[in-house]
Amino acid sequence: MSRIQVRVDHLTRVEGHGNIIASLCDGRVEEAIFEVVEASRFFEGILRERDFEEVGHIATRICGICAVSHGCASLQATEQALGIDISEQTRLLRRLMMNAEIMSSHALHVYFLAAPDFLGLDSVLALLKESPETVKRAYRIKQTSYDLSGLVGGRHTHPIALVPGGFTAIPRPSDLRQMQERLAGLRHDVRQTVELFQGLEVPKFERPTEYVCLRWPDHYTFYGGEIVSSEGGCVDPQRYRETLQEHVVSHSTAKHAKWRQDGYMVGALARVNNNWQQLRPEAKEAMTALGIEPPCTNPFMNTVAQVVELAHCLEDSIALIDEILDRGLVDEHEPAVTPRAGRGIGTVEAPRGLLVHDYVYDERGKCTEANCLIPTAQNLGNLDADMRAYISQLDDPQENDIRRGLEMLVRAYDPCISCSTH
Amino acid sequence: MKMGLAGGWGPPEQGAPATRGGPAAEIFGAVVMSDKPRVAFFDFACCEGCQLTVLGMGDSLLEILDQVDVVTWREAISEKSNEFDIAIVEGSITRDSDVDRLKRIRERASCLIALGACATLGGVHVLGNRFDRGELLELVYGKDGRHFEAGEVRPISAVVPVDYLIHGCPINADEFMAVMKHVLLGRPYHAPNRTVCFECKLRENECVYDRGQICLGPVTRCGCNAICTSFGRRCFGCRGLIDDPNLNAARDVLEEHGYTIDDIVGMFDIYSLASSPAETIRAK
């Protein structure tokens, strides 16, 4: 009897704390799980009793990478519960913020966290020695998207100016125009990113699953929409709890989730698979160049789908700035809010996938109940199934092959573990 | 050998030049083989936004990387080492297993830096200390949740001695650079002990109270360049109470706008509950 056991404690180059555990006996998989050991911060408990004005501030702190996503989902939920309308300008500025977050998060993952695996390096530090220009390119993309967030929201990590009903400060048109020029200057860097990934070999592995994301009628959405599945059907976000079922598993402080099957996948690959027709032309070209043919069922391609979205969000941001400036940017005062009792549900596509915030408020505007459905938590069940299937199909695998393959597989999901446990 | 501000880690001689391989190598040279101090990043309960702020510093980060060897940084690199001189720790302590891990880090580090509000004050999730843990576990996980470990939220300074504090949610990248320079020169760093109002006035912002909102600026430590109030929000107190808050002055501002000290006490729970700001304020 030959047994292979693989254990990776506190996997590196991911956000948060998780362990890979796998064992094979005579080539048969006995166990393959991703154990989440992150400490729970109980956000759903601590949002209770807080005033509606504080809720968004606290909720952004769920995640340091996708604070804009949490902020936007939180604000949507609060606005719906309290009956606050937002202007078209606010909606466009929030979409611009979402694009900035997708770009910075994807650039971080693609270059700093995932690329070293493809290049056979330990980390971005080794990459810095080998190809400083590659790292500098990553920083240009990251810095510009940070600055875009800062211009619109005051700060990238934990944005400031986003409040129920709108923005407490808006950018100057001249600054937005200047930012648009900087964004245009990134086109070359994004093309080079596509070229870099064209030359990298992605592990061969296919396992069809259910792909879930938001959809908006007339554009590739990151801000609001209906929940759609690759298996057909769409769900009104107001009824998300009837379909997206969260459940507790013993090996994870983050809950898992399922829809029709044991697990489903959210994130860049799910969005590209379901909504690729709505990508901007430059992103469609990148998709073709990178060999993604929807439906793509190789989870390792999630990182490549992020490169496609990088191209999309860059072009979309440039176009959004035109739209915002053409409408004429006006300093809208924050609306006076009269608290009322109610429930609200907000949805965005965070960098790692579908994110839902669901709040109940009392008549004083104090939160009484909160639920957050996090992208990485939704992916965990699917990841476990992928891990098992991946090692099952390896031909006479050695411990190192399994370890390396599973590390790459987990990283391909770009897990945000603190966020998933929240 | 433990080098801390209170211990044997004295500043270099007056006027010693801050050159590469100079003071830093001198300080750490006695205990390490490498000529550059070895830096390790660790994190506990937090959002990792402060480490991401460091990772997003671009050219400034590259400058630091020139002066130190980063030997462990789980979020960013796969290299790992248990041998390090400077530990930079983000997050708060919420479980017994975290206490053991943090103590091991402290034992190995000559210098320990608390990074961000979770590490220096407890962070927003310190609000969990207002509730019964069992109730929180059941609320989030249902009946199956009882086997998960959860305890009181504490800043890392409540568990081990800390040499440098970098406040903020998230940290301010400029202050991170300033602290790192002090660390490399072996000098103590004192976070500014003025109020956010001080920096806010320098930026000529309209007072938040005059805009009809309540604000923690009058008693909160500055160093953030009043970023929130400059973007039209109020101060949420993420850098904690200043050392000796002038509550009489704060009271005047509050009363002028129809508020009392009690109105702001509860608002301080969001970041500082673990350090009992309410008691500090009420005691004055």
# chains A, B, ... in the order shown; residues from 1 in each chain; ligands from 1
$ select_by_dssp --residues "stretch 14-215 of chain B" --states "strand (DSSP E)" --output "VMD selection string"
chain B and resid 38 to 43 69 to 73 86 to 90 111 to 115 164 to 166
$ residues_around --residues "B:Asp243" --least-positions-apart "6" --cutoff "9 Å" --atoms "only C-alpha atoms" --output "VMD selection string"
chain B and resid 193 to 194 221
$ write_last_selection --atoms "C-alpha atoms" --output "short mmCIF file (atom, residue, chain, number, x, y, z; two decimals), in the first residue's frame"
data_model
loop_
_atom_site.label_atom_id
_atom_site.label_comp_id
_atom_site.auth_asym_id
_atom_site.auth_seq_id
_atom_site.Cartn_x
_atom_site.Cartn_y
_atom_site.Cartn_z
CA ASN B 193 -0.09 63.49 20.10
CA ARG B 194 -2.27 66.24 18.72
CA ARG B 221 -4.88 61.29 17.69
#
$ residues_around --residues "stretch 77-79 of chain A" --least-positions-apart "4" --cutoff "6 Å" --atoms "only C-alpha atoms" --output "list in words"
Gly83, Ile84, Pro164, Gly344, Ile345, Gly346 and Asp358 of chain A
$ write_last_selection --atoms "N, CA and C atoms" --output "JSON list (two decimals), in the first residue's frame"
[["chain", "number", "residue", "atom", "x", "y", "z"],
["A", 83, "GLY", "N", -35.11, 53.56, 1.92],
["A", 83, "GLY", "CA", -35.83, 54.25, 0.85],
["A", 83, "GLY", "C", -35.09, 55.47, 0.32],
["A", 84, "ILE", "N", -33.78, 55.36, 0.18],
["A", 84, "ILE", "CA", -32.97, 56.48, -0.32],
["A", 84, "ILE", "C", -32.69, 56.25, -1.81],
["A", 164, "PRO", "N", -24.56, 56.70, 2.28],
["A", 164, "PRO", "CA", -25.91, 56.47, 1.79],
["A", 164, "PRO", "C", -26.42, 57.70, 1.06],
["A", 344, "GLY", "N", -33.08, 45.74, 3.28],
["A", 344, "GLY", "CA", -32.49, 46.04, 1.98],
["A", 344, "GLY", "C", -31.42, 45.03, 1.63],
["A", 345, "ILE", "N", -31.30, 44.75, 0.31],
["A", 345, "ILE", "CA", -30.31, 43.78, -0.15],
["A", 345, "ILE", "C", -29.48, 44.42, -1.26],
["A", 346, "GLY", "N", -28.17, 44.43, -1.07],
["A", 346, "GLY", "CA", -27.28, 45.02, -2.07],
["A", 346, "GLY", "C", -26.42, 43.95, -2.72],
["A", 358, "ASP", "N", -27.11, 42.14, 3.20],
["A", 358, "ASP", "CA", -28.55, 42.08, 3.48],
["A", 358, "ASP", "C", -28.77, 42.61, 4.90]]
$ select_by_dssp --residues "stretch 192-374 of chain A" --states "alpha helix (DSSP H)" --output "ChimeraX atom specification"
/A:192-198,240-243,268-275,281-289,302-327
$ closest_atom_pairs --of "chain B" --to "chain A" --cutoff "6 Å" --atoms "only C-alpha atoms" --output "Markdown table"
| residue | atom | partner | partner_atom | distance |
| --- | --- | --- | --- | --- |
| B:Ala45 | CA | A:Ala39 | CA | 5.6 |
| B:Cys47 | CA | A:Cys63 | CA | 4.6 |
| B:Glu48 | CA | A:Gly64 | CA | 5.4 |
| B:Gly49 | CA | A:Gly64 | CA | 3.6 |
| B:Arg74 | CA | A:Thr12 | CA | 4.5 |
| B:Glu75 | CA | A:Arg13 | CA | 4.6 |
| B:Ala76 | CA | A:Arg13 | CA | 4.9 |
| B:Ile77 | CA | A:Ser123 | CA | 4.8 |
| B:Ser78 | CA | A:Thr12 | CA | 5.3 |
| B:His125 | CA | A:Arg41 | CA | 5.6 |
| B:Leu127 | CA | A:Ile46 | CA | 5.7 |
| B:Gly128 | CA | A:Ile46 | CA | 5.5 |
| B:Leu136 | CA | A:Gly45 | CA | 5.9 |
| B:Phe231 | CA | A:Ala169 | CA | 5.6 |
| B:Gly232 | CA | A:Thr168 | CA | 4.9 |
$ write_last_selection --atoms "N, CA and C atoms" --output "mmCIF file, in the first residue's frame"
data_model
loop_
_atom_site.group_PDB
_atom_site.id
_atom_site.type_symbol
_atom_site.label_atom_id
_atom_site.label_comp_id
_atom_site.auth_asym_id
_atom_site.auth_seq_id
_atom_site.Cartn_x
_atom_site.Cartn_y
_atom_site.Cartn_z
ATOM 1 N N ALA B 45 -6.367 38.483 13.405
ATOM 2 C CA ALA B 45 -7.707 38.845 12.924
ATOM 3 C C ALA B 45 -7.733 40.268 12.378
ATOM 4 N N CYS B 47 -8.376 42.648 8.246
ATOM 5 C CA CYS B 47 -8.752 42.590 6.828
ATOM 6 C C CYS B 47 -7.517 42.588 5.934
ATOM 7 N N GLU B 48 -6.326 42.698 6.520
ATOM 8 C CA GLU B 48 -5.052 42.752 5.805
ATOM 9 C C GLU B 48 -4.902 44.011 4.946
ATOM 10 N N GLY B 49 -5.758 44.991 5.171
ATOM 11 C CA GLY B 49 -5.695 46.229 4.390
ATOM 12 C C GLY B 49 -4.437 47.038 4.669
ATOM 13 N N ARG B 74 3.617 36.090 4.330
ATOM 14 C CA ARG B 74 2.736 35.075 3.773
ATOM 15 C C ARG B 74 1.835 35.611 2.665
ATOM 16 N N GLU B 75 1.330 36.822 2.870
ATOM 17 C CA GLU B 75 0.396 37.355 1.890
ATOM 18 C C GLU B 75 1.060 37.640 0.542
ATOM 19 N N ALA B 76 2.374 37.921 0.567
ATOM 20 C CA ALA B 76 3.009 38.401 -0.653
ATOM 21 C C ALA B 76 4.037 37.447 -1.255
ATOM 22 N N ILE B 77 4.732 36.680 -0.424
ATOM 23 C CA ILE B 77 5.823 35.853 -0.955
ATOM 24 C C ILE B 77 5.770 34.442 -0.370
ATOM 25 N N SER B 78 6.408 33.488 -1.056
ATOM 26 C CA SER B 78 6.402 32.105 -0.567
ATOM 27 C C SER B 78 7.610 31.775 0.292
ATOM 28 N N HIS B 125 -13.760 45.218 14.755
ATOM 29 C CA HIS B 125 -14.419 44.025 15.273
ATOM 30 C C HIS B 125 -14.297 43.902 16.786
ATOM 31 N N LEU B 127 -15.893 45.584 18.489
ATOM 32 C CA LEU B 127 -17.319 45.710 18.829
ATOM 33 C C LEU B 127 -17.904 44.369 19.277
ATOM 34 N N GLY B 128 -17.287 43.278 18.860
ATOM 35 C CA GLY B 128 -17.749 41.952 19.272
ATOM 36 C C GLY B 128 -17.681 41.773 20.783
ATOM 37 N N LEU B 136 -22.780 35.115 19.534
ATOM 38 C CA LEU B 136 -22.238 35.481 18.223
ATOM 39 C C LEU B 136 -21.973 34.236 17.383
ATOM 40 N N PHE B 231 -12.396 64.755 3.104
ATOM 41 C CA PHE B 231 -13.277 64.242 2.058
ATOM 42 C C PHE B 231 -14.736 64.292 2.487
ATOM 43 N N GLY B 232 -15.036 65.161 3.450
ATOM 44 C CA GLY B 232 -16.440 65.413 3.769
ATOM 45 C C GLY B 232 -17.069 64.466 4.763
#
$ residues_around --residues "stretch 190-207 of chain A" --least-positions-apart "3" --cutoff "8 Å" --atoms "only C-alpha atoms" --output "PyMOL selection string"
chain A and resi 118-119+141+186-187+286+289-290+297-301+304+307-308+310-311+386+389-390
$ write_last_selection --atoms "N, CA and C atoms" --output "tab-separated table (two decimals), in the first residue's frame"
chain	number	residue	atom	x	y	z
A	118	PHE	N	3.62	30.44	-12.40
A	118	PHE	CA	3.75	30.17	-13.83
A	118	PHE	C	5.19	30.32	-14.29
A	119	LEU	N	5.94	31.22	-13.62
A	119	LEU	CA	7.30	31.50	-14.05
A	119	LEU	C	8.33	30.66	-13.29
A	141	ILE	N	-0.01	49.73	-13.16
A	141	ILE	CA	-1.44	49.42	-13.24
A	141	ILE	C	-2.08	49.59	-11.86
A	186	LEU	N	-2.14	53.41	-19.80
A	186	LEU	CA	-1.97	52.03	-19.33
A	186	LEU	C	-2.28	50.99	-20.41
A	187	ARG	N	-2.82	51.45	-21.55
A	187	ARG	CA	-3.23	50.48	-22.57
A	187	ARG	C	-2.07	49.58	-22.97
A	286	ALA	N	-8.65	40.23	-26.20
A	286	ALA	CA	-7.76	39.59	-25.22
A	286	ALA	C	-8.23	38.17	-24.94
A	289	ALA	N	-7.17	36.04	-27.77
A	289	ALA	CA	-5.71	35.87	-27.75
A	289	ALA	C	-5.28	34.90	-26.65
A	290	LEU	N	-6.01	34.91	-25.55
A	290	LEU	CA	-5.63	34.09	-24.39
A	290	LEU	C	-6.28	32.70	-24.43
A	297	THR	N	-14.07	25.54	-18.72
A	297	THR	CA	-14.30	24.77	-17.49
A	297	THR	C	-13.01	24.42	-16.76
A	298	ASN	N	-11.93	25.13	-17.08
A	298	ASN	CA	-10.66	24.93	-16.37
A	298	ASN	C	-10.50	26.02	-15.31
A	299	PRO	N	-10.62	25.67	-14.02
A	299	PRO	CA	-10.57	26.71	-12.97
A	299	PRO	C	-9.23	27.46	-12.93
A	300	PHE	N	-8.14	26.82	-13.42
A	300	PHE	CA	-6.86	27.53	-13.46
A	300	PHE	C	-6.96	28.77	-14.35
A	301	MET	N	-7.94	28.76	-15.28
A	301	MET	CA	-8.09	29.88	-16.21
A	301	MET	C	-8.72	31.10	-15.55
A	304	VAL	N	-6.46	33.89	-15.86
A	304	VAL	CA	-6.41	34.42	-17.22
A	304	VAL	C	-7.66	35.27	-17.49
A	307	VAL	N	-7.17	38.69	-16.43
A	307	VAL	CA	-6.43	39.53	-17.39
A	307	VAL	C	-7.42	40.12	-18.41
A	308	VAL	N	-8.39	39.31	-18.83
A	308	VAL	CA	-9.43	39.79	-19.76
A	308	VAL	C	-10.21	40.94	-19.12
A	310	LEU	N	-9.18	42.89	-16.78
A	310	LEU	CA	-8.29	44.05	-16.66
A	310	LEU	C	-8.44	44.92	-17.92
A	311	ALA	N	-8.42	44.26	-19.08
A	311	ALA	CA	-8.57	44.99	-20.35
A	311	ALA	C	-9.95	45.63	-20.42
A	386	ASP	N	-12.87	20.62	-6.91
A	386	ASP	CA	-11.81	20.73	-7.92
A	386	ASP	C	-10.51	20.08	-7.44
A	389	ALA	N	-10.88	16.35	-7.82
A	389	ALA	CA	-10.88	15.94	-9.23
A	389	ALA	C	-9.51	16.14	-9.86
A	390	TYR	N	-8.84	17.22	-9.47
A	390	TYR	CA	-7.54	17.52	-10.07
A	390	TYR	C	-6.52	16.43	-9.76
$ residues_around --residues "stretch 3-9 of chain A" --least-positions-apart "6" --cutoff "7 Å" --atoms "only C-alpha atoms" --output "list in words"
Gly18, Asn19, Ile20, Ile21, Ala22, Ser23, Leu24, Cys25, Asp26, Glu399 and Arg403 of chain A
$ residues_around --residues "A:His256" --least-positions-apart "2" --cutoff "12 Å" --atoms "only C-alpha atoms" --output "VMD selection string"
(chain A and resid 34 to 36 244 to 254 258 to 259 262 to 265 373 to 384 420 to 421) or (chain B and resid 141)
$ residues_around --residues "B:Val153" --least-positions-apart "5" --cutoff "6 Å" --atoms "only C-alpha atoms" --output "count of residues only"
3
$ atom_distance --atom1 "atom CA of B:Phe148" --atom2 "atom CA of B:Asp98"
13.6 Å
$ closest_residue --among "A:Asp396, A:Glu31, A:Glu285, A:Glu88" --to "A:Arg327" --atoms "only C-alpha atoms"
A:Glu88
$ atom_distance --atom1 "atom CA of A:Leu325" --atom2 "atom CA of A:Leu183"
15.4 Å
